[in-house]
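Novice: Structure provided below as C-alpha cells; questions to follow.
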Amino acid sequence: MAAEITADGAFPELFSEYVDYKRNLGYVYPDSRLYLVRRLSRFLAGRAPDQRVLPRAAAEEFARPRDAESAGSAAGRRGIARQFALFLRWKGIEAWVLPERSQPRQFRSFTPRIVTAEEMARVIACADARPASRCGPQTQPVYAMLVRLLWCCGLRIGEALSLRVGDVDLAQGVITVRKAKHNRTRLVPMSQSLAAHAHHYADAVGLVLEDPQAWFFPSPRGRGYNPCSATAHLQRLMLEAGVTTATGRAPRAHDLRHSYAVACLAKMQADGVDVYAALPLLATYMGHADIISAEYYLRLDPSAWAGIEQAMAHTYADVFPHGTV
C-alpha cells in the first residue's frame, strides 16, 4: 500500500513510490521518517518550477543546517535528500546526489546507568515515604506506583504515563501497551508483588475501574502527566536515595528500562536459563522490533551487574514476570 503523502506537496507519486521501495528493501519507515519525506515534498512544492525533480540548488538548500538546529535534525534532512536522489537516479531520473559526509560520524560509547535491585529498593522506600502534596494528595501514590512499574515491567516513561485504566488488567495482572513505538501494541505481565501493589494503588487514588478511558496515572487536574515533569520528579527521588551516575547526576528514567532488561538476563543466568533462547521473549515484552535490540544488553559490561543476583532476595526484587524464566 502506497504511503500517504501530503496532497499539497510536490511529486506525491514519486515520494509514495520511494517509501514503498525502501520498505520493500526492509527499511522501517515510522512517522518520524515519513515526516521528513513530507517535509522534502513540501519544500520542493514551494520552489520555482524546474524540469528536474531535485536539482543541486534545491538539495543543498534543503540540507543546509538551520540556526539553533540540532545535528540530528540536520542529518535527518540531509539523509532523506540523499536517499531520495539515489532512488531517482535508480529510476533513470536526473537528480543531484549530495556527497557523503566530509568527516566520518563520531560515535559515542554509551553505557546506561544500571540500577541494582538494592538501589531500587532505596528509591521505592523514598517514594513511599514522600509526604502527600497539598496541591494533589494522589501525587505521592502515583509516583510510588510509577517507579515500581518502570522497574518491574521495563516500560518507556511515555508508555507508562499513557496507560488508561482499561489497559491495566488487575485481575489477570497484565498490562496492554497500546500503539507504542512504531505503532506497536504488546502485552506485559506484572509480577505478583506489583499486581498486589496496583490493587492498593487503585484504592489510594480512587481510580474509577468502570471507566476504561480514565488515566491510570491521573494528575491533580485529572489529566495525564507530562513525561518531562515526571522524569524530573523521579530523578529527585533517585538523588534522595543516593542513586547517582559517575558524574553525580541522577540516572534517566529510561535507565530503569535498561536496568529491567539487565536484571532479567542476570536472573536467567543465575537460574541456568539459556539467555539467547529467551531473548525473543524479552524483546517482545520490551517492545523491540527484533532481538538485535534486546541482544544489546548482553554486551553490557558484566561488572555493571555486580550485586544484582545477591539483591534478588530483597522484598522488592519480586519484579520479574512469572513464567519468563
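Order determines the names: the first chain of the C-alpha cells is A, the second B, and so forth; residues in each chain are numbered 1 upward, and ligands are numbered 1 upward as they are shown.
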DSSP says strand (DSSP E or B) for which residues of stretch 106-270 of chain A? Put them as a ChimeraX atom specification?
Specialist: /A:164,168-169,174-177,186-189,215
Novice: Do a neighbour search on A:Arg64 at 8 Å with only C-alpha atoms, toss out local chain neighbours closer than 2 positions, and write the hits as a list in words.
Specialist: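 What passes the distance filter is Glu60, Glu61, Phe62, Arg66, Ala74 and Arg78 of chain A.
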Novice: Write the residues of the selection above to a file with all heavy atoms, as a CSV table (one decimal), in the first residue's frame.
Specialist:
chain,number,residue,atom,x,y,z
A,60,GLU,N,20.9,21.2,-1.8
A,60,GLU,CA,21.8,21.8,-0.9
A,60,GLU,C,21.0,22.8,0.0
A,60,GLU,O,21.3,22.9,1.2
A,60,GLU,CB,22.9,22.6,-1.6
A,60,GLU,CG,23.8,21.7,-2.4
A,60,GLU,CD,24.9,22.4,-3.1
A,60,GLU,OE1,24.7,23.6,-3.4
A,60,GLU,OE2,26.0,21.8,-3.4
A,61,GLU,N,20.0,23.5,-0.5
A,61,GLU,CA,19.2,24.4,0.3
A,61,GLU,C,18.4,23.6,1.4
A,61,GLU,O,18.3,24.0,2.5
A,61,GLU,CB,18.3,25.2,-0.5
A,61,GLU,CG,17.3,26.0,0.3
A,61,GLU,CD,17.9,27.1,1.2
A,61,GLU,OE1,19.1,27.5,0.9
A,61,GLU,OE2,17.3,27.5,2.1
A,62,PHE,N,17.8,22.5,1.0
A,62,PHE,CA,17.1,21.7,1.9
A,62,PHE,C,17.9,21.1,3.0
A,62,PHE,O,17.5,21.0,4.2
A,62,PHE,CB,16.4,20.5,1.2
A,62,PHE,CG,15.5,19.7,2.1
A,62,PHE,CD1,14.3,20.1,2.5
A,62,PHE,CD2,15.9,18.4,2.4
A,62,PHE,CE1,13.5,19.3,3.3
A,62,PHE,CE2,15.2,17.6,3.2
A,62,PHE,CZ,13.9,18.0,3.7
A,66,ARG,N,20.1,24.7,9.8
A,66,ARG,CA,19.4,25.9,10.3
A,66,ARG,C,20.0,26.5,11.6
A,66,ARG,O,20.7,25.7,12.3
A,66,ARG,CB,17.9,25.6,10.5
A,66,ARG,CG,17.0,25.6,9.3
A,66,ARG,CD,17.5,25.1,8.1
A,66,ARG,NE,16.5,24.9,7.0
A,66,ARG,CZ,16.7,24.4,5.9
A,66,ARG,NH1,17.9,24.0,5.5
A,66,ARG,NH2,15.7,24.2,5.0
A,74,ALA,N,19.5,18.1,11.3
A,74,ALA,CA,20.2,18.4,10.0
A,74,ALA,C,20.6,17.2,9.3
A,74,ALA,O,20.4,17.0,8.1
A,74,ALA,CB,21.4,19.3,10.3
A,78,ARG,N,19.4,15.8,5.5
A,78,ARG,CA,20.4,15.5,4.5
A,78,ARG,C,20.2,14.1,4.1
A,78,ARG,O,20.4,13.8,2.9
A,78,ARG,CB,21.8,15.7,5.1
A,78,ARG,CG,22.9,15.5,4.1
A,78,ARG,CD,24.3,15.7,4.8
A,78,ARG,NE,25.3,15.6,3.8
A,78,ARG,CZ,25.8,16.6,3.0
A,78,ARG,NH1,25.2,17.8,3.1
A,78,ARG,NH2,26.7,16.4,2.1
Novice: Contacts of A:Ala214 at 8 Å or less, counting only C-alpha atoms, minus same-chain residues fewer than 6 places along, as a list of chain:residue names?
Specialist: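 The contact residues come out as A:Arg164, A:Val165, A:Gly166, A:Leu207, A:Val208.
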Novice: Rank A:Ala160, A:Val273, A:Val205, A:Ala63 by their smallest atom-to-atom distance to A:Arg257, using only C-alpha atoms, and report the top residue only.
Specialist: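 Looking only at the distances to A:Arg257, the closest residue turns out to be A:Ala160.
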Novice: Using only C-alpha atoms, which residue out of A:Ala121, A:Ala75, A:Ala246, A:Ala230 lies closest to A:Arg148?
Specialist: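 Closest to A:Arg148, using only C-alpha atoms: A:Ala121.
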Novice: Ranking A:Ile93, A:Met190, A:Ala241, A:Ala253 by minimum distance to A:Gly158 and counting only C-alpha atoms, which one comes first?
Specialist: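 The answer is A:Ala253, which sits nearest to A:Gly158.
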Novice: Skipping near chain neighbours, those fewer than 3 positions away, what residues fall within 12 Å of A:His200 using only C-alpha atoms, listed as a list in words?
Specialist: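 Selected residues are Pro141, Val142, Ala144, Met145, Leu170, Ser193, Leu194, Ala195, Ala196, His197, Asp203, Ala204, Val205, Gly206 and Leu207 of chain A.
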Novice: The selected residues should be written to file as an mmCIF file, in the first residue's frame (atoms: all heavy atoms).
Specialist:
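Writing done, so here's selection29.cif:
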data_model
loop_
_atom_site.group_PDB
_atom_site.id
_atom_site.type_symbol
_atom_site.label_atom_id
_atom_site.label_comp_id
_atom_site.auth_asym_id
_atom_site.auth_seq_id
_atom_site.Cartn_x
_atom_site.Cartn_y
_atom_site.Cartn_z
ATOM 1 N N PRO A 141 1.117 8.573 45.909
ATOM 2 C CA PRO A 141 0.923 7.183 45.457
ATOM 3 C C PRO A 141 1.131 7.004 43.959
ATOM 4 O O PRO A 141 1.529 5.916 43.523
ATOM 5 C CB PRO A 141 -0.520 6.865 45.863
ATOM 6 C CG PRO A 141 -1.180 8.185 46.083
ATOM 7 C CD PRO A 141 -0.112 9.106 46.546
ATOM 8 N N VAL A 142 0.891 8.054 43.163
ATOM 9 C CA VAL A 142 1.118 7.949 41.722
ATOM 10 C C VAL A 142 2.586 7.665 41.443
ATOM 11 O O VAL A 142 2.929 6.743 40.683
ATOM 12 C CB VAL A 142 0.668 9.235 40.996
ATOM 13 C CG1 VAL A 142 1.320 9.339 39.615
ATOM 14 C CG2 VAL A 142 -0.844 9.245 40.837
ATOM 15 N N ALA A 144 4.858 6.582 43.552
ATOM 16 C CA ALA A 144 5.254 5.317 44.163
ATOM 17 C C ALA A 144 4.892 4.141 43.259
ATOM 18 O O ALA A 144 5.637 3.159 43.175
ATOM 19 C CB ALA A 144 4.589 5.165 45.531
ATOM 20 N N MET A 145 3.777 4.251 42.574
ATOM 21 C CA MET A 145 3.365 3.199 41.639
ATOM 22 C C MET A 145 4.158 3.290 40.345
ATOM 23 O O MET A 145 4.574 2.269 39.771
ATOM 24 C CB MET A 145 1.861 3.330 41.333
ATOM 25 C CG MET A 145 1.323 2.286 40.354
ATOM 26 S SD MET A 145 1.397 0.618 41.043
ATOM 27 C CE MET A 145 1.355 -0.375 39.558
ATOM 28 N N LEU A 170 -6.138 -5.726 36.400
ATOM 29 C CA LEU A 170 -5.705 -6.040 37.750
ATOM 30 C C LEU A 170 -6.016 -7.481 38.118
ATOM 31 O O LEU A 170 -5.303 -8.095 38.920
ATOM 32 C CB LEU A 170 -6.371 -5.089 38.747
ATOM 33 C CG LEU A 170 -5.993 -3.607 38.606
ATOM 34 C CD1 LEU A 170 -6.759 -2.766 39.621
ATOM 35 C CD2 LEU A 170 -4.499 -3.410 38.784
ATOM 36 N N SER A 193 3.936 -9.277 43.208
ATOM 37 C CA SER A 193 4.110 -8.150 44.122
ATOM 38 C C SER A 193 3.632 -6.850 43.475
ATOM 39 O O SER A 193 3.027 -6.005 44.134
ATOM 40 C CB SER A 193 5.570 -8.023 44.548
ATOM 41 O OG SER A 193 6.393 -7.808 43.414
ATOM 42 N N LEU A 194 3.895 -6.671 42.188
ATOM 43 C CA LEU A 194 3.458 -5.456 41.505
ATOM 44 C C LEU A 194 1.945 -5.432 41.368
ATOM 45 O O LEU A 194 1.310 -4.387 41.568
ATOM 46 C CB LEU A 194 4.114 -5.364 40.127
ATOM 47 C CG LEU A 194 3.722 -4.136 39.299
ATOM 48 C CD1 LEU A 194 4.157 -2.862 40.011
ATOM 49 C CD2 LEU A 194 4.331 -4.194 37.900
ATOM 50 N N ALA A 195 1.333 -6.563 41.024
ATOM 51 C CA ALA A 195 -0.125 -6.619 40.892
ATOM 52 C C ALA A 195 -0.798 -6.322 42.225
ATOM 53 O O ALA A 195 -1.812 -5.611 42.278
ATOM 54 C CB ALA A 195 -0.543 -7.992 40.368
ATOM 55 N N ALA A 196 -0.219 -6.835 43.317
ATOM 56 C CA ALA A 196 -0.790 -6.568 44.636
ATOM 57 C C ALA A 196 -0.706 -5.088 44.972
ATOM 58 O O ALA A 196 -1.664 -4.492 45.495
ATOM 59 C CB ALA A 196 -0.065 -7.402 45.689
ATOM 60 N N HIS A 197 0.438 -4.468 44.660
ATOM 61 C CA HIS A 197 0.570 -3.027 44.931
ATOM 62 C C HIS A 197 -0.377 -2.225 44.041
ATOM 63 O O HIS A 197 -0.897 -1.193 44.469
ATOM 64 C CB HIS A 197 2.009 -2.577 44.698
ATOM 65 C CG HIS A 197 2.238 -1.140 45.072
ATOM 66 N ND1 HIS A 197 2.497 -0.742 46.361
ATOM 67 C CD2 HIS A 197 2.202 -0.004 44.324
ATOM 68 C CE1 HIS A 197 2.630 0.575 46.391
ATOM 69 N NE2 HIS A 197 2.461 1.041 45.172
ATOM 70 N N ASP A 203 -7.033 1.821 44.950
ATOM 71 C CA ASP A 203 -7.885 2.285 46.054
ATOM 72 C C ASP A 203 -7.389 3.622 46.602
ATOM 73 O O ASP A 203 -8.196 4.502 46.943
ATOM 74 C CB ASP A 203 -7.889 1.243 47.177
ATOM 75 C CG ASP A 203 -8.552 -0.066 46.759
ATOM 76 O OD1 ASP A 203 -9.392 -0.029 45.837
ATOM 77 O OD2 ASP A 203 -8.205 -1.118 47.342
ATOM 78 N N ALA A 204 -6.066 3.785 46.657
ATOM 79 C CA ALA A 204 -5.497 5.002 47.248
ATOM 80 C C ALA A 204 -5.828 6.245 46.440
ATOM 81 O O ALA A 204 -6.087 7.318 47.005
ATOM 82 C CB ALA A 204 -3.985 4.847 47.402
ATOM 83 N N VAL A 205 -5.799 6.141 45.110
ATOM 84 C CA VAL A 205 -6.056 7.323 44.263
ATOM 85 C C VAL A 205 -7.509 7.384 43.817
ATOM 86 O O VAL A 205 -7.906 8.332 43.126
ATOM 87 C CB VAL A 205 -5.129 7.340 43.029
ATOM 88 C CG1 VAL A 205 -3.681 7.419 43.452
ATOM 89 C CG2 VAL A 205 -5.366 6.130 42.146
ATOM 90 N N GLY A 206 -8.291 6.384 44.178
ATOM 91 C CA GLY A 206 -9.711 6.398 43.816
ATOM 92 C C GLY A 206 -9.970 6.215 42.336
ATOM 93 O O GLY A 206 -10.827 6.906 41.759
ATOM 94 N N LEU A 207 -9.246 5.299 41.701
ATOM 95 C CA LEU A 207 -9.471 5.046 40.277
ATOM 96 C C LEU A 207 -10.873 4.501 40.055
ATOM 97 O O LEU A 207 -11.342 3.626 40.789
ATOM 98 C CB LEU A 207 -8.446 4.044 39.740
ATOM 99 C CG LEU A 207 -6.989 4.498 39.633
ATOM 100 C CD1 LEU A 207 -6.144 3.396 39.010
ATOM 101 C CD2 LEU A 207 -6.873 5.775 38.803
#
Novice: What parts of stretch 152-215 of chain A does DSSP call alpha helix (DSSP H)? I'd like the answer as a VMD selection string.
Specialist: chain A and resid 152 to 153 157 to 161 192 to 205
Novice: Please report the interatomic distance between atom CA of A:Pro227 and atom CA of A:Ile292 in Å with one decimal.
Specialist: 26.8 Å
